[in-house]
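A.B. asks: Structure: protein16.cif, mmCIF, C-alpha atoms.
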```cif
data_start
loop_
_atom_site.label_atom_id
_atom_site.label_comp_id
_atom_site.auth_asym_id
_atom_site.auth_seq_id
_atom_site.Cartn_x
_atom_site.Cartn_y
_atom_site.Cartn_z
CA MET I 1 -35.93 184.22 16.73
CA GLY I 2 -35.48 182.10 13.65
CA VAL I 3 -33.52 179.07 12.50
CA LEU I 4 -30.42 181.22 11.82
CA SER I 5 -30.53 182.95 15.19
CA GLY I 6 -26.99 183.61 16.39
CA ILE I 7 -25.46 183.74 12.89
CA ARG I 8 -23.73 187.06 12.26
CA VAL I 9 -23.79 188.40 8.72
CA LEU I 10 -21.74 191.38 7.57
CA GLU I 11 -23.17 192.86 4.38
CA PHE I 12 -21.54 195.46 2.16
CA GLU I 13 -24.03 197.92 0.66
CA ALA I 14 -25.25 196.97 -2.81
CA ILE I 15 -28.45 196.74 -4.85
CA GLY I 16 -30.59 193.90 -6.19
CA PRO I 17 -29.72 190.26 -5.58
CA GLY I 18 -27.21 190.67 -2.73
CA PRO I 19 -29.63 192.55 -0.48
CA PHE I 20 -32.42 190.14 -1.42
CA GLY I 21 -30.33 187.11 -0.49
CA THR I 22 -29.33 188.81 2.75
CA MET I 23 -32.98 189.64 3.46
CA LEU I 24 -33.76 185.92 3.29
CA LEU I 25 -31.05 185.24 5.88
CA ALA I 26 -32.31 188.08 8.08
CA ASP I 27 -35.87 186.79 7.80
CA MET I 28 -34.61 183.44 9.11
CA GLY I 29 -33.15 185.12 12.17
CA ALA I 30 -29.57 185.98 11.19
CA ASP I 31 -28.09 189.08 12.83
CA VAL I 32 -27.26 191.27 9.82
CA LEU I 33 -25.03 194.33 10.06
CA ARG I 34 -24.73 196.34 6.85
CA ILE I 35 -21.73 198.53 6.04
CA ASP I 36 -23.21 201.52 4.25
CA ARG I 37 -21.41 204.34 2.52
CA PRO I 38 -21.52 207.50 4.65
CA VAL I 39 -23.60 209.21 1.95
CA ALA I 40 -25.92 207.48 -0.48
CA PRO I 41 -24.27 207.31 -3.92
CA ALA I 42 -26.12 209.12 -6.68
CA ASP I 43 -25.75 206.27 -9.16
CA LEU I 44 -26.64 203.27 -6.98
CA GLY I 45 -29.96 201.81 -7.98
CA PRO I 46 -32.84 202.87 -10.20
CA LYS I 47 -34.03 206.45 -10.36
CA THR I 48 -37.51 206.65 -8.88
CA ALA I 49 -39.78 209.44 -7.79
CA GLY I 50 -40.67 209.94 -4.15
CA LYS I 51 -39.28 208.22 -1.08
CA ARG I 52 -37.48 204.95 -1.74
CA ILE I 53 -39.07 202.04 0.10
CA ASP I 54 -36.38 199.41 0.63
CA ILE I 55 -38.14 196.16 1.49
CA THR I 56 -35.14 193.97 0.65
CA GLY I 57 -33.16 195.97 3.22
CA ARG I 58 -35.40 194.92 6.10
CA GLY I 59 -34.16 193.16 9.22
CA ARG I 60 -30.73 194.83 9.42
CA ARG I 61 -28.75 197.31 11.43
CA SER I 62 -26.27 199.69 9.87
CA VAL I 63 -22.85 201.24 10.32
CA THR I 64 -21.18 203.60 7.87
CA LEU I 65 -17.67 203.36 6.48
CA ASP I 66 -15.89 205.03 3.58
CA LEU I 67 -13.97 202.10 2.12
CA LYS I 68 -11.95 204.47 -0.07
CA GLN I 69 -10.12 205.61 3.06
CA PRO I 70 -7.13 203.39 3.93
CA GLN I 71 -7.88 203.25 7.64
CA ALA I 72 -11.38 201.97 6.92
CA VAL I 73 -9.96 198.58 5.96
CA ALA I 74 -8.83 197.96 9.53
CA ALA I 75 -12.31 198.70 10.84
CA ALA I 76 -13.93 196.43 8.25
CA LEU I 77 -11.53 193.59 9.09
CA ASP I 78 -12.38 193.94 12.78
CA LEU I 79 -16.02 193.40 11.87
CA ILE I 80 -15.17 190.52 9.54
CA GLU I 81 -13.28 188.82 12.35
CA ARG I 82 -16.49 188.59 14.38
CA ALA I 83 -18.79 187.62 11.50
CA ASP I 84 -19.92 184.19 10.37
CA VAL I 85 -20.80 185.42 6.90
CA VAL I 86 -19.67 188.25 4.62
CA ILE I 87 -21.78 189.22 1.60
CA GLU I 88 -20.57 191.54 -1.14
CA GLY I 89 -21.82 192.32 -4.63
CA PHE I 90 -19.01 194.32 -6.23
CA ARG I 91 -17.33 193.59 -9.55
CA PRO I 92 -14.64 190.91 -9.37
CA GLY I 93 -11.39 192.26 -7.96
CA THR I 94 -12.93 195.26 -6.18
CA MET I 95 -12.74 193.80 -2.67
CA GLU I 96 -9.22 192.55 -3.34
CA ARG I 97 -8.12 196.05 -4.33
CA LEU I 98 -9.63 197.38 -1.12
CA GLY I 99 -7.70 194.81 0.92
CA LEU I 100 -10.93 193.05 1.90
CA GLY I 101 -10.96 190.11 -0.49
CA PRO I 102 -11.46 186.50 0.56
CA ASP I 103 -7.78 185.83 1.22
CA ALA I 104 -7.46 188.74 3.64
CA ALA I 105 -10.81 187.98 5.26
CA LEU I 106 -10.12 184.27 5.75
CA ARG I 107 -6.71 185.00 7.26
CA ARG I 108 -8.52 186.96 9.96
CA ASN I 109 -11.40 184.52 10.24
CA PRO I 110 -10.64 181.00 8.91
CA ARG I 111 -14.22 179.79 9.54
CA LEU I 112 -15.79 182.61 7.53
CA VAL I 113 -18.32 182.07 4.73
CA TYR I 114 -17.58 184.73 2.11
CA GLY I 115 -20.55 185.20 -0.24
CA ARG I 116 -19.93 186.91 -3.60
CA MET I 117 -22.81 188.01 -5.84
CA THR I 118 -22.15 188.93 -9.48
CA GLY I 119 -23.86 188.70 -12.82
CA TRP I 120 -21.26 186.87 -14.89
CA GLY I 121 -19.27 185.18 -12.11
CA GLN I 122 -15.84 185.83 -10.63
CA THR I 123 -13.98 184.47 -13.67
CA GLY I 124 -14.32 184.31 -17.46
CA PRO I 125 -13.90 186.83 -20.29
CA MET I 126 -17.01 188.81 -19.27
CA ALA I 127 -16.41 188.79 -15.52
CA GLU I 128 -15.55 192.48 -15.18
CA ARG I 129 -18.22 193.85 -17.52
CA ALA I 130 -21.19 195.81 -16.24
CA GLY I 131 -24.62 194.30 -16.68
CA HIS I 132 -28.08 193.90 -15.24
CA ASP I 133 -30.66 191.17 -14.83
CA LEU I 134 -31.84 191.28 -18.44
CA ASN I 135 -28.30 190.88 -19.78
CA TYR I 136 -27.56 187.93 -17.52
CA ILE I 137 -30.71 185.98 -18.35
CA ALA I 138 -30.16 186.74 -22.05
CA LEU I 139 -26.78 185.00 -21.91
CA SER I 140 -28.19 182.12 -19.86
CA GLY I 141 -30.56 181.12 -22.66
CA VAL I 142 -33.66 181.55 -20.52
CA LEU I 143 -34.79 184.91 -21.94
CA SER I 144 -35.06 183.39 -25.42
CA GLY I 145 -38.08 181.38 -24.28
CA ILE I 146 -40.11 184.21 -22.72
CA GLY I 147 -42.48 186.31 -24.81
CA PRO I 148 -45.04 186.09 -27.61
CA LYS I 149 -44.58 184.11 -30.79
CA ASP I 150 -42.94 185.92 -33.72
CA ALA I 151 -42.05 188.88 -31.52
CA LYS I 152 -39.19 190.01 -29.31
CA PRO I 153 -38.44 188.40 -25.93
CA VAL I 154 -40.16 190.04 -22.96
CA PRO I 155 -38.33 190.94 -19.73
CA PRO I 156 -39.87 188.84 -16.91
CA LEU I 157 -39.50 191.76 -14.50
CA ASN I 158 -36.11 191.23 -12.82
CA LEU I 159 -37.15 188.09 -11.03
CA VAL I 160 -35.25 185.40 -12.94
CA GLY I 161 -31.74 186.87 -12.76
CA ASP I 162 -31.64 189.20 -9.77
CA TYR I 163 -33.78 187.27 -7.36
CA GLY I 164 -34.46 183.67 -8.38
CA GLY I 165 -31.12 183.01 -10.06
CA GLY I 166 -29.22 185.51 -7.94
CA GLY I 167 -30.28 186.24 -4.38
CA MET I 168 -31.86 182.85 -3.72
CA LEU I 169 -28.84 181.05 -5.15
CA LEU I 170 -26.58 183.16 -2.95
CA ALA I 171 -28.64 182.44 0.18
CA LEU I 172 -28.61 178.69 -0.56
CA GLY I 173 -24.86 178.80 -1.10
CA VAL I 174 -24.28 180.67 2.15
CA VAL I 175 -26.45 178.36 4.24
CA SER I 176 -24.85 175.28 2.69
CA ALA I 177 -21.37 176.65 3.39
CA LEU I 178 -22.37 177.46 6.98
CA LEU I 179 -23.45 173.85 7.42
CA HIS I 180 -20.08 172.72 6.02
CA VAL I 181 -18.19 174.94 8.47
CA GLN I 182 -20.30 173.92 11.44
CA ARG I 183 -19.55 170.27 10.62
CA GLY I 184 -15.85 171.01 11.03
CA GLY I 185 -14.92 172.15 7.54
CA GLN I 186 -12.89 175.19 6.62
CA GLY I 187 -14.26 178.56 5.60
CA GLN I 188 -15.73 178.87 2.11
CA VAL I 189 -16.01 181.37 -0.71
CA VAL I 190 -19.42 181.29 -2.43
CA ASP I 191 -19.25 182.41 -6.07
CA ALA I 192 -22.89 183.04 -7.03
CA ALA I 193 -23.42 184.18 -10.65
CA MET I 194 -26.81 185.25 -11.97
CA THR I 195 -26.16 183.76 -15.42
CA GLU I 196 -25.62 180.35 -13.86
CA GLY I 197 -28.50 180.69 -11.41
CA ALA I 198 -30.88 181.67 -14.21
CA ALA I 199 -29.69 178.70 -16.25
CA GLN I 200 -30.37 176.40 -13.30
CA LEU I 201 -33.91 177.74 -13.10
CA GLY I 202 -34.31 176.56 -16.69
CA SER I 203 -33.10 173.00 -16.02
CA VAL I 204 -36.46 171.45 -16.87
CA ILE I 205 -36.44 173.21 -20.25
CA TRP I 206 -33.04 171.74 -21.14
CA GLY I 207 -34.50 168.35 -20.30
CA LEU I 208 -37.51 168.93 -22.56
CA LEU I 209 -35.21 170.19 -25.31
CA ALA I 210 -32.98 167.12 -25.08
CA SER I 211 -35.98 164.80 -25.32
CA GLY I 212 -37.39 166.58 -28.35
CA ASN I 213 -40.32 168.03 -26.43
CA TRP I 214 -39.36 171.70 -26.67
CA ARG I 215 -39.31 173.97 -29.69
CA GLU I 216 -36.95 176.94 -29.62
CA GLU I 217 -39.81 179.12 -30.79
CA ARG I 218 -41.55 181.29 -28.22
CA ALA I 219 -45.18 180.54 -27.31
CA SER I 220 -45.03 177.11 -28.97
CA ASN I 221 -44.63 174.84 -25.94
CA LEU I 222 -46.31 173.56 -22.83
CA LEU I 223 -45.04 176.14 -20.33
CA ASP I 224 -44.61 179.26 -22.46
CA GLY I 225 -48.21 179.99 -23.42
CA GLY I 226 -48.09 177.89 -26.56
CA THR I 227 -50.76 175.47 -25.39
CA PRO I 228 -54.28 176.90 -25.07
CA TRP I 229 -54.72 175.16 -21.72
CA TYR I 230 -51.66 176.78 -20.10
CA ASP I 231 -52.26 180.48 -20.64
CA CYS I 232 -54.20 183.54 -19.48
CA TYR I 233 -57.60 184.65 -20.78
CA ARG I 234 -59.30 188.02 -20.68
CA THR I 235 -62.60 188.26 -18.85
CA ARG I 236 -65.60 190.46 -19.60
CA ASP I 237 -64.42 193.19 -17.20
CA GLY I 238 -60.90 193.37 -18.65
CA HIS I 239 -59.17 191.21 -16.04
CA TYR I 240 -57.56 187.82 -16.64
CA MET I 241 -57.81 184.24 -15.47
CA ALA I 242 -54.79 181.90 -15.53
CA ILE I 243 -55.39 178.27 -16.41
CA GLY I 244 -53.02 175.31 -16.24
CA PRO I 245 -54.86 171.96 -16.27
CA VAL I 246 -52.00 169.87 -17.65
CA GLU I 247 -53.40 166.55 -16.41
CA SER I 248 -56.33 165.10 -18.34
CA ARG I 249 -58.65 164.84 -15.34
CA PHE I 250 -58.10 168.49 -14.47
CA TYR I 251 -58.56 169.46 -18.11
CA ALA I 252 -61.90 167.65 -18.18
CA GLU I 253 -63.00 169.64 -15.15
CA LEU I 254 -61.98 172.88 -16.88
CA LEU I 255 -64.15 172.04 -19.87
CA ASP I 256 -67.06 171.22 -17.57
CA LYS I 257 -66.80 174.50 -15.65
CA LEU I 258 -66.51 176.47 -18.89
CA GLY I 259 -69.61 174.80 -20.25
CA LEU I 260 -67.60 173.12 -23.03
CA ALA I 261 -67.75 169.50 -21.87
CA GLY I 262 -70.04 168.41 -24.69
CA ALA I 263 -68.71 170.73 -27.37
CA ASP I 264 -67.17 169.47 -30.61
CA LEU I 265 -63.57 170.40 -29.81
CA PRO I 266 -60.15 168.97 -30.73
CA GLN I 267 -58.40 166.68 -28.27
CA GLN I 268 -56.23 168.34 -25.61
CA HIS I 269 -52.88 167.29 -27.11
CA ASP I 270 -53.79 167.68 -30.78
CA ARG I 271 -51.42 170.51 -31.69
CA SER I 272 -53.20 171.10 -34.99
CA GLY I 273 -56.39 171.81 -33.07
CA TRP I 274 -54.93 174.27 -30.59
CA PRO I 275 -56.08 177.38 -32.49
CA ARG I 276 -59.69 176.17 -32.28
CA LEU I 277 -59.34 175.34 -28.59
CA ARG I 278 -57.84 178.73 -27.84
CA GLU I 279 -60.67 180.49 -29.64
CA ALA I 280 -63.23 178.51 -27.66
CA PHE I 281 -61.54 179.40 -24.39
CA GLU I 282 -61.30 183.07 -25.34
CA ILE I 283 -65.01 183.24 -26.14
CA ALA I 284 -65.97 181.42 -22.94
CA PHE I 285 -63.87 183.52 -20.57
CA ALA I 286 -64.97 186.76 -22.25
CA GLY I 287 -68.56 185.95 -21.33
CA ARG I 288 -68.18 186.55 -17.57
CA THR I 289 -66.30 188.82 -15.17
CA ARG I 290 -63.28 187.68 -13.24
CA ASP I 291 -65.25 187.53 -9.99
CA GLU I 292 -67.94 185.45 -11.66
CA TRP I 293 -65.34 182.97 -12.90
CA CYS I 294 -63.76 182.83 -9.44
CA ALA I 295 -67.13 181.86 -8.02
CA ILE I 296 -67.63 179.19 -10.69
CA PHE I 297 -64.18 177.66 -10.08
CA GLU I 298 -64.36 177.93 -6.29
CA GLY I 299 -63.32 174.57 -4.79
CA SER I 300 -62.45 173.20 -8.23
CA ASP I 301 -59.39 171.19 -9.29
CA ALA I 302 -59.43 172.70 -12.77
CA CYS I 303 -56.14 174.55 -12.01
CA VAL I 304 -57.60 178.02 -12.50
CA ALA I 305 -56.73 181.20 -10.60
CA PRO I 306 -57.38 184.92 -11.04
CA VAL I 307 -54.49 187.08 -12.19
CA LEU I 308 -54.20 189.52 -9.30
CA GLY I 309 -52.38 192.83 -9.27
CA PHE I 310 -49.66 193.54 -6.72
CA SER I 311 -52.07 195.66 -4.69
CA GLU I 312 -54.80 193.01 -4.86
CA ALA I 313 -52.82 189.92 -3.91
CA PRO I 314 -52.45 190.62 -0.15
CA HIS I 315 -56.24 190.76 0.22
CA HIS I 316 -56.99 187.34 -1.27
CA PRO I 317 -58.54 184.94 1.27
CA GLN I 318 -55.74 182.38 0.81
CA HIS I 319 -53.07 184.92 1.68
CA ARG I 320 -55.11 186.40 4.50
CA ALA I 321 -55.68 182.97 6.04
CA ARG I 322 -51.96 182.19 6.05
CA GLY I 323 -50.69 185.68 6.83
CA SER I 324 -48.66 185.61 3.61
CA PHE I 325 -48.35 189.37 3.63
CA ILE I 326 -47.46 191.63 6.53
CA GLU I 327 -47.23 195.33 7.20
CA VAL I 328 -43.92 196.76 8.40
CA ASP I 329 -43.75 200.45 9.23
CA GLY I 330 -46.88 201.06 7.18
CA VAL I 331 -45.62 199.17 4.10
CA VAL I 332 -47.40 196.01 2.93
CA GLN I 333 -44.93 193.34 1.85
CA PRO I 334 -44.45 189.56 1.62
CA ALA I 335 -43.98 187.79 4.93
CA PRO I 336 -40.82 185.76 5.59
CA ALA I 337 -40.79 182.42 3.80
CA PRO I 338 -40.41 179.48 3.98
CA ARG I 339 -42.11 178.79 7.28
CA TYR I 340 -40.58 176.86 10.15
CA LEU I 341 -43.23 175.44 12.46
CA GLY I 342 -40.78 174.73 15.26
CA THR I 343 -38.88 178.02 15.07
CA PRO I 344 -41.06 180.71 13.50
CA SER I 345 -39.40 183.80 12.09
CA ALA I 346 -39.90 187.07 13.90
CA LEU I 347 -41.67 190.03 12.29
CA PRO I 348 -39.02 191.87 10.25
CA THR I 349 -38.03 195.44 11.01
CA ARG I 350 -37.86 198.14 8.34
CA ALA I 351 -34.63 198.86 6.50
CA PRO I 352 -32.29 201.01 8.60
CA LYS I 353 -31.14 204.50 7.83
CA ARG I 354 -27.39 204.90 7.42
CA GLY I 355 -25.79 204.08 10.74
CA GLU I 356 -29.10 203.37 12.45
CA HIS I 357 -28.95 200.94 15.39
CA GLY I 358 -25.25 200.42 14.63
CA ALA I 359 -24.15 201.11 18.20
CA ALA I 360 -26.42 198.37 19.54
CA ALA I 361 -25.18 195.99 16.85
CA LEU I 362 -21.55 196.58 17.81
CA ARG I 363 -22.35 195.88 21.45
CA ASP I 364 -24.17 192.69 20.47
CA TRP I 365 -21.18 191.65 18.39
CA GLY I 366 -18.96 191.89 21.48
CA PHE I 367 -17.30 195.29 21.03
CA ASP I 368 -16.83 197.20 24.28
CA ALA I 369 -16.93 200.99 24.59
CA GLU I 370 -13.17 201.30 24.05
CA ALA I 371 -13.31 199.16 20.89
CA VAL I 372 -16.25 201.15 19.53
CA GLU I 373 -14.33 204.37 20.10
CA ARG I 374 -11.33 202.92 18.29
CA LEU I 375 -13.51 201.87 15.35
CA GLY I 376 -14.91 205.37 15.24
CA GLY I 377 -11.38 206.70 14.96
CA LEU I 378 -10.92 204.48 11.91
CA GLY I 379 -13.94 206.06 10.25
CA LEU I 380 -16.75 203.74 11.28
CA GLY I 381 -19.94 205.66 11.99
CA CYS I 382 -23.14 204.75 13.77
CA GLN I 383 -25.84 206.34 15.84
CA ALA I 384 -24.87 206.86 19.45
CA GLU I 385 -28.09 205.26 20.64
CA ALA I 386 -30.19 202.46 19.16
#
```
Would you write the structure of this file as structure tokens?
C.D. replies:
Amino acid sequence: MGVLSGIRVLEFEAIGPGPFGTMLLADMGADVLRIDRPVAPADLGPKTAGKRIDITGRGRRSVTLDLKQPQAVAAALDLIERADVVIEGFRPGTMERLGLGPDAALRRNPRLVYGRMTGWGQTGPMAERAGHDLNYIALSGVLSGIGPKDAKPVPPLNLVGDYGGGGMLLALGVVSALLHVQRGGQGQVVDAAMTEGAAQLGSVIWGLLASGNWREERASNLLDGGTPWYDCYRTRDGHYMAIGPVESRFYAELLDKLGLAGADLPQQHDRSGWPRLREAFEIAFAGRTRDEWCAIFEGSDACVAPVLGFSEAPHHPQHRARGSFIEVDGVVQPAPAPRYLGTPSALPTRAPKRGEHGAAALRDWGFDAEAVERLGGLGLGCQAEA
């Protein structure tokens, strides 16, 4: 099920944005087969306590292959030949050194879409340097605008580089290239760089900067918490409410609900009066609990919402009504998105163990018993039964 049903994706094990982008494709129905290392590397991914729950690895099947072994290249190329998409997230040049770069892959499969996920991009003086989300968004310019005034920038989790500017950009590139191929074009290489994706996410800010409507000073602008009417306020019980009534009619409704409609306050866009407005909002919100404010703003267009924790969000009535969160193998997680009313996505399956369901995947990809045995002789491993 899904709009990408029938599309075969071969993914090389990685962390962060590559798996997230592949998860999006799997959620849309693509048949994803991941090539895992035979043994989990000790230095791949963050060090966490307890069992690792891999939500971005959902919706796949797995085979194992030690790509450091020369004969493994032949097995990988056999899989590439039957794939529509390849996704890899190694440093530039790594796949070429293994004999699995785009040139080799496209010789075997001229209609292939070869997706490459890196931080800095495939070229440039920094291309081969190590880095992580925070480094990439720092170079993009975006990090400079996130954080409190007169203080250091604040990491916005790893959402801007890894996922928004990385995995989503990769998924868009892959789907666009697939459309190109299916319209009769040749295979494509997708060079997705997190620095460039993060910069694209900031396009509106460059527009505001060019028009003189953005100060390069944190917490001094419309969207960075600088305005008192686009910020978060602490409630009496220690929670927060987020407000964003940018339009004047919504702002007027905010004042009414806060009990400030008749108060002697500065005008909304009077920058010199913002400190007084902020103080008034702080005092008002501190007078009630978060739940009390939710009741007051229920059904309102004042652009107000409670700041929910990760564990709280799935239980909100809006999410429950839409089924925005699901449970897979006992783990609560976001449901596939976006939605397709004509071709709904199927419920995802949990991330596979190394080699899990690989035998069934090979059969589905058209390998007969003799071919599977030959691949096994080249080092490819999978469970005998799915």
A.B. asks: Applying the PyMOL selection byres ((chain I and resi 65-72) around 6) to the file I just gave you, which residues come out? Please list them as a compact mmCIF listing (two decimals) with C-alpha atoms, in the frame of the given file.
C.D. replies:
```
# COMPACT_ATOMS: atom_id res chain seq x y z
CA ARG I 37 -21.41 204.34 2.52
CA PRO I 38 -21.52 207.50 4.65
CA THR I 64 -21.18 203.60 7.87
CA VAL I 73 -9.96 198.58 5.96
CA ALA I 74 -8.83 197.96 9.53
CA ALA I 75 -12.31 198.70 10.84
CA LEU I 378 -10.92 204.48 11.91
CA GLY I 379 -13.94 206.06 10.25
CA LEU I 380 -16.75 203.74 11.28
```
A.B. asks: Find the spatial neighbours of stretch 195-211 of chain I, counting only C-alpha atoms, within a cut-off of 7 Å - ignore same-chain residues fewer than 6 positions away - and output them as a PDB file with C-alpha atoms, in the frame of the given file.
C.D. replies:
```pdb
ATOM      1  CA  GLY I 119     -23.860 188.700 -12.820  1.00  0.00           C
ATOM      2  CA  TRP I 120     -21.260 186.870 -14.890  1.00  0.00           C
ATOM      3  CA  TYR I 136     -27.560 187.930 -17.520  1.00  0.00           C
ATOM      4  CA  ILE I 137     -30.710 185.980 -18.350  1.00  0.00           C
ATOM      5  CA  LEU I 139     -26.780 185.000 -21.910  1.00  0.00           C
ATOM      6  CA  SER I 140     -28.190 182.120 -19.860  1.00  0.00           C
ATOM      7  CA  GLY I 141     -30.560 181.120 -22.660  1.00  0.00           C
ATOM      8  CA  VAL I 142     -33.660 181.550 -20.520  1.00  0.00           C
ATOM      9  CA  VAL I 160     -35.250 185.400 -12.940  1.00  0.00           C
ATOM     10  CA  GLY I 161     -31.740 186.870 -12.760  1.00  0.00           C
ATOM     11  CA  GLY I 165     -31.120 183.010 -10.060  1.00  0.00           C
ATOM     12  CA  GLY I 166     -29.220 185.510  -7.940  1.00  0.00           C
ATOM     13  CA  LEU I 169     -28.840 181.050  -5.150  1.00  0.00           C
TER      14      LEU I 169
END
```
A.B. asks: Using only C-alpha atoms, what does the table of stretch 13-47 of chain I residues within 10 Å of stretch 350-368 of chain I look like, with each row giving the shortest atom pair and its distance in Å to one decimal, sorted by chain and ascending number, as a tab-separated table?
C.D. replies:
```
residue	atom	partner	partner_atom	distance
I:Met23	CA	I:Ala351	CA	9.8
I:Asp31	CA	I:Ala361	CA	8.5
I:Val32	CA	I:Ala361	CA	8.7
I:Leu33	CA	I:Ala361	CA	7.0
I:Arg34	CA	I:Gly355	CA	8.7
I:Ile35	CA	I:Gly355	CA	8.3
I:Asp36	CA	I:Arg354	CA	6.2
I:Arg37	CA	I:Arg354	CA	7.8
I:Pro38	CA	I:Arg354	CA	7.0
I:Val39	CA	I:Arg354	CA	7.9
I:Ala40	CA	I:Arg354	CA	8.4
```
A.B. asks: Using only C-alpha atoms, which of the listed residues (I:Leu277, I:Ile146, I:Met1, I:Pro306) sits closest to I:Leu223?
C.D. replies: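 Among I:Leu277, I:Ile146, I:Met1, I:Pro306, it is I:Ile146 that comes nearest to I:Leu223.
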A.B. asks: With only C-alpha atoms as the basis for distance, which of I:Gly6, I:Gly187, I:Pro317, I:Gly57 is at the shortest distance from I:Val174?
C.D. replies: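 The closest residue to I:Val174 is I:Gly187.
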A.B. asks: Have a look at I:Ala261, I:Ala177, I:Val63, I:Val86 and name the one nearest to I:Gln383; count all atoms listed in the file.
C.D. replies: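 Ranked by minimum distance to I:Gln383, first place goes to I:Val63.
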A.B. asks: If you count all atoms listed in the file, which residues fall within 9 Å of I:Leu106, apart from same-chain ones fewer than 5 positions away, as a list in words?
C.D. replies: Ile80, Glu81, Gly101, Arg111, Leu112, Val113, Tyr114, Gly187 and Gln188 of chain I
A.B. asks: Just checking: using only C-alpha atoms, which residue out of I:Asp133, I:Leu341, I:Ser300, I:Thr227 ends up closest to I:Asp270?
C.D. replies: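 Of I:Asp133, I:Leu341, I:Ser300, I:Thr227, the one nearest I:Asp270 is I:Thr227, counting only C-alpha atoms.
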A.B. asks: Mind giving me the straight-line distance from atom CA of I:Gln122 to atom CA of I:Gly29 in Å, one decimal?
C.D. replies: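 So the answer is 28.6 Å.
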A.B. asks: Go through I:Arg91, I:His315, I:His269, I:Arg218 and flag the residue nearest I:Leu143, using only C-alpha atoms for the distances.
C.D. replies: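 The closest residue to I:Leu143 is I:Arg218.
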A.B. asks: By how many Å are atom CA of I:Ala335 and atom CA of I:Pro348 apart?
C.D. replies: 8.3 Å
A.B. asks: Taking the file above as input, evaluate the PyMOL selection byres ((chain I and resi 229) around 12) and report the hits as a PyMOL selection string.
C.D. replies: chain I and resi 221-228+230-233+241-248+250-255+267-271+273-282+302-304
A.B. asks: What's around stretch 115-117 of chain I at 9 Å? Count all atoms listed in the file, leave out sequence neighbours fewer than 5 positions away in its own chain, and write the answer as an mmCIF file with C-alpha atoms, keeping the file's coordinate frame.
C.D. replies:
```
data_model
loop_
_atom_site.group_PDB
_atom_site.id
_atom_site.type_symbol
_atom_site.label_atom_id
_atom_site.label_comp_id
_atom_site.auth_asym_id
_atom_site.auth_seq_id
_atom_site.Cartn_x
_atom_site.Cartn_y
_atom_site.Cartn_z
ATOM 1 C CA PRO I 17 -29.720 190.260 -5.580
ATOM 2 C CA GLY I 18 -27.210 190.670 -2.730
ATOM 3 C CA VAL I 85 -20.800 185.420 6.900
ATOM 4 C CA VAL I 86 -19.670 188.250 4.620
ATOM 5 C CA ILE I 87 -21.780 189.220 1.600
ATOM 6 C CA GLU I 88 -20.570 191.540 -1.140
ATOM 7 C CA GLY I 89 -21.820 192.320 -4.630
ATOM 8 C CA PHE I 90 -19.010 194.320 -6.230
ATOM 9 C CA ARG I 91 -17.330 193.590 -9.550
ATOM 10 C CA PRO I 92 -14.640 190.910 -9.370
ATOM 11 C CA GLN I 122 -15.840 185.830 -10.630
ATOM 12 C CA GLY I 166 -29.220 185.510 -7.940
ATOM 13 C CA GLY I 167 -30.280 186.240 -4.380
ATOM 14 C CA LEU I 170 -26.580 183.160 -2.950
ATOM 15 C CA ALA I 171 -28.640 182.440 0.180
ATOM 16 C CA GLY I 173 -24.860 178.800 -1.100
ATOM 17 C CA VAL I 174 -24.280 180.670 2.150
ATOM 18 C CA GLN I 188 -15.730 178.870 2.110
ATOM 19 C CA VAL I 189 -16.010 181.370 -0.710
ATOM 20 C CA VAL I 190 -19.420 181.290 -2.430
ATOM 21 C CA ASP I 191 -19.250 182.410 -6.070
ATOM 22 C CA ALA I 192 -22.890 183.040 -7.030
ATOM 23 C CA ALA I 193 -23.420 184.180 -10.650
ATOM 24 C CA MET I 194 -26.810 185.250 -11.970
#
```
A.B. asks: When the PyMOL selection byres ((chain I and resi 324) around 10) is applied to the file above, which residues end up in the set, as a PyMOL selection string?
C.D. replies: chain I and resi 313-316+318-323+325-326+333-337
A.B. asks: Please compute the atom CA of I:Gly259-atom CA of I:Arg290 distance, one decimal, in Å.
C.D. replies: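 Atom-to-atom, atom CA of I:Gly259 and atom CA of I:Arg290 are spaced 16.0 Å apart.
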A.B. asks: Using all atoms listed in the file, pick whichever of I:Val307, I:Asp54, I:Leu179, I:Thr118 has the shortest atom-to-atom distance to I:Ala130.
C.D. replies: I:Thr118
A.B. asks: List the spatial neighbours of I:Ala26 as a CSV table (one decimal) with C-alpha atoms, in the frame of the given file - criterion: any atom at most 10 Å away, all atoms listed in the file, same-chain residues fewer than 4 positions off excluded.
C.D. replies:
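selection-v1.csv, written as the output of this step:
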```csv
chain,number,residue,atom,x,y,z
I,2,GLY,CA,-35.5,182.1,13.6
I,4,LEU,CA,-30.4,181.2,11.8
I,5,SER,CA,-30.5,183.0,15.2
I,7,ILE,CA,-25.5,183.7,12.9
I,8,ARG,CA,-23.7,187.1,12.3
I,9,VAL,CA,-23.8,188.4,8.7
I,20,PHE,CA,-32.4,190.1,-1.4
I,21,GLY,CA,-30.3,187.1,-0.5
I,22,THR,CA,-29.3,188.8,2.8
I,30,ALA,CA,-29.6,186.0,11.2
I,31,ASP,CA,-28.1,189.1,12.8
I,32,VAL,CA,-27.3,191.3,9.8
I,33,LEU,CA,-25.0,194.3,10.1
I,56,THR,CA,-35.1,194.0,0.6
I,57,GLY,CA,-33.2,196.0,3.2
I,58,ARG,CA,-35.4,194.9,6.1
I,59,GLY,CA,-34.2,193.2,9.2
I,60,ARG,CA,-30.7,194.8,9.4
I,336,PRO,CA,-40.8,185.8,5.6
I,345,SER,CA,-39.4,183.8,12.1
I,346,ALA,CA,-39.9,187.1,13.9
I,348,PRO,CA,-39.0,191.9,10.2
I,349,THR,CA,-38.0,195.4,11.0
```
